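The structure appears below as structure tokens.
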Amino acid sequence: MAILTAVYVILGGYKATAMNDFIQGVIMLFGIVIVIAAVLNTQGGLTAAVEKMAALPSDGNPAQNGGFADWFGPDPWNLLGVVILTSLGTWGLPQMVGKFYSITDESAIKRGTVISTIFAFVVAGGCYFLGGFGRLFGMPPVLPNGKLAFDSIVPSMLVTLPDVIIALVVLLVLSASMSTLASLVLTSSSTMTLDLIYRDKKAAPGEVEEGTIDDVVAEKIERRKVVVMRVLIVFFIVISLMIALNPPTFIAQLMGISWGALAGAFLAPFMLGLYWRGVTTASVWACFIWGVGITVVNMLLGNPINPINCGAIAMVGGFPVVWLVSLLSPKMNRDTVGKIFECYK
């Protein structure tokens, strides 16, 4: 997966990544529906599966049967943390926001709104729906450290399915993983190159007179940027591969840590900055320190707060942080802010 992603991102760049995301999205859209139907069929259908869930004891207490068949389950607060992390978090992830660069015109925004809403409802809703029946396939095995191997739940659900369906699931996993990896490394490499390594603003080839010395220098700089980006893409893919081969915890907790830090840092200033002219530079830095800080401190202390819930707290807590700091810190230049918001007219 890492090698394939490296090939099409390095050779094809942003356009190849966007096209692959579209193809992978179509696979996920139809694949999740087929997998849900196949899993429920192994349990005798939806009604029979719900009845089996209702018969399971909540927290090992037979007197509390029915909790797993309830809409919000026996642990609604932890469920809320998962919903906030996986649903609200995507709004503040840089690699998700970067996908909007492929929009070509106003009509594409309208089409994208409809398509992405349907996609989110089917894929995200389907994953929640499917995951709710995981307990019907037995408890996950125990790891050497005594903790439950939660990452084994879905494989235990799928092992009873026909080979064709299992192959489809492998395609789903590869599609989702490669899409995320490609977006992450592309965003990371371009950020490192443009915002850190080549921070000084240089004239692009089209901004100076063609054939002049400045034009030649600008072209060399642009070519050098592309080379640096490609090297960094390989670098970030290698780091991702090393983490994947030796994961420090199970997937959901890894997601809580990464999404909590990223979305906790960027979600609030991004969302408030779209609609409120009062967001300040200091508030963005404050939210960055808040989101990354609470996630890293929790991780260093051994995760006293569940990483999933910690990520949700980082995201939601960023909004009051940005609001309060914006009220107390120097405002941005009014003319500059006015130019930024001219696109809404």
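Each chain in the structure tokens gets a letter, A, B and so on, in the order shown; residues start at 1 in every chain, and ligands are counted from 1 in the order they appear.
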
Near A:Cys127, within 10 Å and counting only C-alpha atoms, which residues show up once chain neighbours fewer than 3 positions away are dropped, as a list in words? Ile32, Val33, Val35, Ile36, Phe121, Val122, Val123, Ala124, Leu130, Gly131 and Gly132 of chain A

Which residues are near A:Asn306? Cut-off 9 Å, only C-alpha atoms, ignore same chain within fewer than 4 positions. Put them as an MDAnalysis selection string. chainID A and resid 78 253 256 298 310:311

Just-selected residues, N, CA and C atoms written as a PDB file, in the first residue's frame:
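Once written, out21.pdb looks like this:
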ATOM      1  N   ASN A  78     -19.288   7.840  26.267  1.00  0.00           N
ATOM      2  CA  ASN A  78     -18.137   7.436  25.455  1.00  0.00           C
ATOM      3  C   ASN A  78     -18.510   7.363  23.976  1.00  0.00           C
ATOM      4  N   GLN A 253      -7.389   4.292  19.164  1.00  0.00           N
ATOM      5  CA  GLN A 253      -6.643   5.199  20.025  1.00  0.00           C
ATOM      6  C   GLN A 253      -5.625   6.008  19.226  1.00  0.00           C
ATOM      7  N   GLY A 256      -7.523   8.736  17.789  1.00  0.00           N
ATOM      8  CA  GLY A 256      -7.833   9.748  18.794  1.00  0.00           C
ATOM      9  C   GLY A 256      -6.673  10.687  19.024  1.00  0.00           C
ATOM     10  N   ASN A 298      -1.626  14.189  27.706  1.00  0.00           N
ATOM     11  CA  ASN A 298      -2.413  13.001  28.051  1.00  0.00           C
ATOM     12  C   ASN A 298      -1.678  11.724  27.650  1.00  0.00           C
ATOM     13  N   CYS A 310     -10.265  12.309  24.786  1.00  0.00           N
ATOM     14  CA  CYS A 310      -9.332  13.431  24.866  1.00  0.00           C
ATOM     15  C   CYS A 310      -9.318  14.205  23.551  1.00  0.00           C
ATOM     16  N   GLY A 311      -9.360  13.471  22.423  1.00  0.00           N
ATOM     17  CA  GLY A 311      -9.419  14.130  21.127  1.00  0.00           C
ATOM     18  C   GLY A 311     -10.683  14.947  20.963  1.00  0.00           C
TER      19      GLY A 311
END

Rounded to one decimal in Å, what is the spacing between atom CA of A:Trp71 and atom CA of A:Phe129?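 Answer for the atom CA of A:Trp71 to atom CA of A:Phe129 separation: 10.4 Å.
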
Which residues, written as a PDB file with N, CA and C atoms, in the first residue's frame, have at least one atom at most 7 Å from stretch 312-315 of chain A, with only C-alpha atoms counted and residues fewer than 5 positions away on the same chain left out?
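And here is the file that came out, selection_13.pdb:
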ATOM      1  N   GLY A  81     -18.174  10.764  22.574  1.00  0.00           N
ATOM      2  CA  GLY A  81     -16.779  11.083  22.268  1.00  0.00           C
ATOM      3  C   GLY A  81     -16.356  10.542  20.913  1.00  0.00           C
ATOM      4  N   ILE A  84     -18.087  12.690  18.121  1.00  0.00           N
ATOM      5  CA  ILE A  84     -17.433  13.996  17.956  1.00  0.00           C
ATOM      6  C   ILE A  84     -16.102  13.830  17.231  1.00  0.00           C
ATOM      7  N   LEU A  85     -15.316  12.834  17.639  1.00  0.00           N
ATOM      8  CA  LEU A  85     -13.996  12.635  17.046  1.00  0.00           C
ATOM      9  C   LEU A  85     -14.096  12.320  15.559  1.00  0.00           C
ATOM     10  N   GLY A 260      -7.055  14.202  17.413  1.00  0.00           N
ATOM     11  CA  GLY A 260      -7.203  15.135  18.524  1.00  0.00           C
ATOM     12  C   GLY A 260      -6.203  16.272  18.420  1.00  0.00           C
ATOM     13  N   ALA A 263      -7.069  18.209  14.585  1.00  0.00           N
ATOM     14  CA  ALA A 263      -8.342  18.930  14.578  1.00  0.00           C
ATOM     15  C   ALA A 263      -8.473  19.821  15.808  1.00  0.00           C
ATOM     16  N   GLY A 264      -7.899  19.386  16.938  1.00  0.00           N
ATOM     17  CA  GLY A 264      -7.923  20.241  18.122  1.00  0.00           C
ATOM     18  C   GLY A 264      -7.178  21.540  17.898  1.00  0.00           C
ATOM     19  N   LEU A 267      -9.397  23.064  13.998  1.00  0.00           N
ATOM     20  CA  LEU A 267     -10.840  23.112  13.747  1.00  0.00           C
ATOM     21  C   LEU A 267     -11.456  24.443  14.140  1.00  0.00           C
ATOM     22  N   GLY A 291      -4.709  22.320  21.483  1.00  0.00           N
ATOM     23  CA  GLY A 291      -5.009  21.035  20.855  1.00  0.00           C
ATOM     24  C   GLY A 291      -3.858  20.052  20.929  1.00  0.00           C
ATOM     25  N   ILE A 294      -2.819  19.343  25.017  1.00  0.00           N
ATOM     26  CA  ILE A 294      -3.635  18.424  25.817  1.00  0.00           C
ATOM     27  C   ILE A 294      -3.493  16.988  25.318  1.00  0.00           C
TER      28      ILE A 294
END

Which is closer to A:Val284 than all the others in A:Ile10, A:Val321, A:Val316, A:Val296, using only C-alpha atoms?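 The closest residue to A:Val284 is A:Val321.
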
At a cut-off of 12 Å, using only C-alpha atoms, what residues contact A:Arg224? Leave out same-chain residues fewer than 4 positions from it and give the result as number ranges by chain. A: 193-194, 197-198, 217-220, 228-231

Point-to-point distance from atom CA of A:Asp21 to atom CA of A:Ala2, Å rounded to tenths: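 We find that atom CA of A:Asp21 and atom CA of A:Ala2 lie 15.3 Å from each other.
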
Can you tell me, as JSON, numbers by chain, what residues are no more than 12 Å from A:Cys343 when counting only C-alpha atoms, ignoring any on the same chain fewer than 3 positions away? {"A": [106, 274, 275, 337, 338, 339, 340]}

Any idea what the distance is between atom CA of A:Leu328 and atom CA of A:Ser283? 9.1 Å

Which residues are close to A:Ala49, i.e. within 10 Å by only C-alpha atoms, leaving aside same-chain residues fewer than 5 positions away? Reply as a PDB file with all heavy atoms, in the first residue's frame.
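The resulting file, out.pdb, is reproduced below:
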ATOM      1  N   VAL A  39     -23.006  -9.239   6.421  1.00  0.00           N
ATOM      2  CA  VAL A  39     -22.835  -9.491   7.857  1.00  0.00           C
ATOM      3  C   VAL A  39     -24.174  -9.767   8.526  1.00  0.00           C
ATOM      4  O   VAL A  39     -24.311 -10.699   9.331  1.00  0.00           O
ATOM      5  CB  VAL A  39     -22.125  -8.298   8.525  1.00  0.00           C
ATOM      6  CG1 VAL A  39     -22.177  -8.420  10.048  1.00  0.00           C
ATOM      7  CG2 VAL A  39     -20.677  -8.208   8.063  1.00  0.00           C
ATOM      8  N   LEU A  40     -25.180  -8.948   8.221  1.00  0.00           N
ATOM      9  CA  LEU A  40     -26.502  -9.162   8.820  1.00  0.00           C
ATOM     10  C   LEU A  40     -27.091 -10.502   8.379  1.00  0.00           C
ATOM     11  O   LEU A  40     -27.799 -11.157   9.147  1.00  0.00           O
ATOM     12  CB  LEU A  40     -27.446  -8.014   8.430  1.00  0.00           C
ATOM     13  CG  LEU A  40     -27.147  -6.645   9.066  1.00  0.00           C
ATOM     14  CD1 LEU A  40     -28.157  -5.619   8.591  1.00  0.00           C
ATOM     15  CD2 LEU A  40     -27.177  -6.735  10.587  1.00  0.00           C
ATOM     16  N   ASN A  41     -26.814 -10.899   7.142  1.00  0.00           N
ATOM     17  CA  ASN A  41     -27.327 -12.164   6.639  1.00  0.00           C
ATOM     18  C   ASN A  41     -26.790 -13.349   7.430  1.00  0.00           C
ATOM     19  O   ASN A  41     -27.496 -14.345   7.636  1.00  0.00           O
ATOM     20  CB  ASN A  41     -26.963 -12.309   5.152  1.00  0.00           C
ATOM     21  CG  ASN A  41     -27.593 -13.532   4.520  1.00  0.00           C
ATOM     22  OD1 ASN A  41     -28.820 -13.693   4.553  1.00  0.00           O
ATOM     23  ND2 ASN A  41     -26.774 -14.402   3.942  1.00  0.00           N
ATOM     24  N   THR A  42     -25.539 -13.248   7.919  1.00  0.00           N
ATOM     25  CA  THR A  42     -24.971 -14.339   8.727  1.00  0.00           C
ATOM     26  C   THR A  42     -25.650 -14.457  10.082  1.00  0.00           C
ATOM     27  O   THR A  42     -25.549 -15.495  10.742  1.00  0.00           O
ATOM     28  CB  THR A  42     -23.460 -14.123   8.946  1.00  0.00           C
ATOM     29  OG1 THR A  42     -23.244 -12.909   9.692  1.00  0.00           O
ATOM     30  CG2 THR A  42     -22.722 -14.041   7.623  1.00  0.00           C
ATOM     31  N   GLN A  43     -26.343 -13.397  10.505  1.00  0.00           N
ATOM     32  CA  GLN A  43     -27.032 -13.424  11.799  1.00  0.00           C
ATOM     33  C   GLN A  43     -28.545 -13.609  11.654  1.00  0.00           C
ATOM     34  O   GLN A  43     -29.291 -13.437  12.612  1.00  0.00           O
ATOM     35  CB  GLN A  43     -26.759 -12.110  12.555  1.00  0.00           C
ATOM     36  CG  GLN A  43     -25.298 -11.890  12.896  1.00  0.00           C
ATOM     37  CD  GLN A  43     -24.769 -12.949  13.847  1.00  0.00           C
ATOM     38  OE1 GLN A  43     -25.463 -13.399  14.757  1.00  0.00           O
ATOM     39  NE2 GLN A  43     -23.515 -13.355  13.624  1.00  0.00           N
ATOM     40  N   GLY A  44     -28.995 -13.937  10.450  1.00  0.00           N
ATOM     41  CA  GLY A  44     -30.412 -14.186  10.235  1.00  0.00           C
ATOM     42  C   GLY A  44     -31.217 -12.964   9.870  1.00  0.00           C
ATOM     43  O   GLY A  44     -32.447 -12.985   9.955  1.00  0.00           O
ATOM     44  N   ALA A  54     -30.132  -7.606  21.968  1.00  0.00           N
ATOM     45  CA  ALA A  54     -30.927  -7.307  23.156  1.00  0.00           C
ATOM     46  C   ALA A  54     -30.759  -8.368  24.235  1.00  0.00           C
ATOM     47  O   ALA A  54     -30.960  -8.093  25.430  1.00  0.00           O
ATOM     48  CB  ALA A  54     -32.396  -7.184  22.771  1.00  0.00           C
ATOM     49  N   ALA A  69     -28.938  -3.107  22.483  1.00  0.00           N
ATOM     50  CA  ALA A  69     -29.920  -2.912  21.420  1.00  0.00           C
ATOM     51  C   ALA A  69     -30.524  -1.513  21.472  1.00  0.00           C
ATOM     52  O   ALA A  69     -31.303  -1.132  20.604  1.00  0.00           O
ATOM     53  CB  ALA A  69     -31.028  -3.958  21.522  1.00  0.00           C
ATOM     54  N   PHE A 133     -22.920  -4.272  15.775  1.00  0.00           N
ATOM     55  CA  PHE A 133     -23.211  -5.707  15.878  1.00  0.00           C
ATOM     56  C   PHE A 133     -21.940  -6.534  16.139  1.00  0.00           C
ATOM     57  O   PHE A 133     -21.975  -7.757  16.058  1.00  0.00           O
ATOM     58  CB  PHE A 133     -23.895  -6.199  14.599  1.00  0.00           C
ATOM     59  CG  PHE A 133     -25.255  -5.600  14.378  1.00  0.00           C
ATOM     60  CD1 PHE A 133     -25.429  -4.519  13.531  1.00  0.00           C
ATOM     61  CD2 PHE A 133     -26.364  -6.119  15.040  1.00  0.00           C
ATOM     62  CE1 PHE A 133     -26.678  -3.967  13.333  1.00  0.00           C
ATOM     63  CE2 PHE A 133     -27.630  -5.563  14.851  1.00  0.00           C
ATOM     64  CZ  PHE A 133     -27.784  -4.483  14.002  1.00  0.00           C
ATOM     65  N   LEU A 136     -21.831  -9.685  18.528  1.00  0.00           N
ATOM     66  CA  LEU A 136     -22.471 -10.955  18.160  1.00  0.00           C
ATOM     67  C   LEU A 136     -21.453 -11.969  17.658  1.00  0.00           C
ATOM     68  O   LEU A 136     -21.778 -13.147  17.507  1.00  0.00           O
ATOM     69  CB  LEU A 136     -23.517 -10.711  17.062  1.00  0.00           C
ATOM     70  CG  LEU A 136     -24.740  -9.874  17.461  1.00  0.00           C
ATOM     71  CD1 LEU A 136     -25.688  -9.747  16.277  1.00  0.00           C
ATOM     72  CD2 LEU A 136     -25.470 -10.512  18.642  1.00  0.00           C
TER      73      LEU A 136
END

As number ranges by chain, which residues of stretch 131-200 of chain A does DSSP assign to alpha helix (DSSP H)? A: 131, 153-158, 163-191

Extract, using only C-alpha atoms, all DNA, RNA and protein residues at most 12 Å from A:Asp195, discarding same-chain residues fewer than 6 positions from it, and format them as a list in words.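 The neighbour list is Thr187, Ser188, Ser189, Lys201, Lys225 and Met229 of chain A.
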
Ranking A:Met192, A:Leu29, A:Met53, A:Leu93 by minimum distance to A:Thr117 and counting only C-alpha atoms, which one comes first? A:Leu29
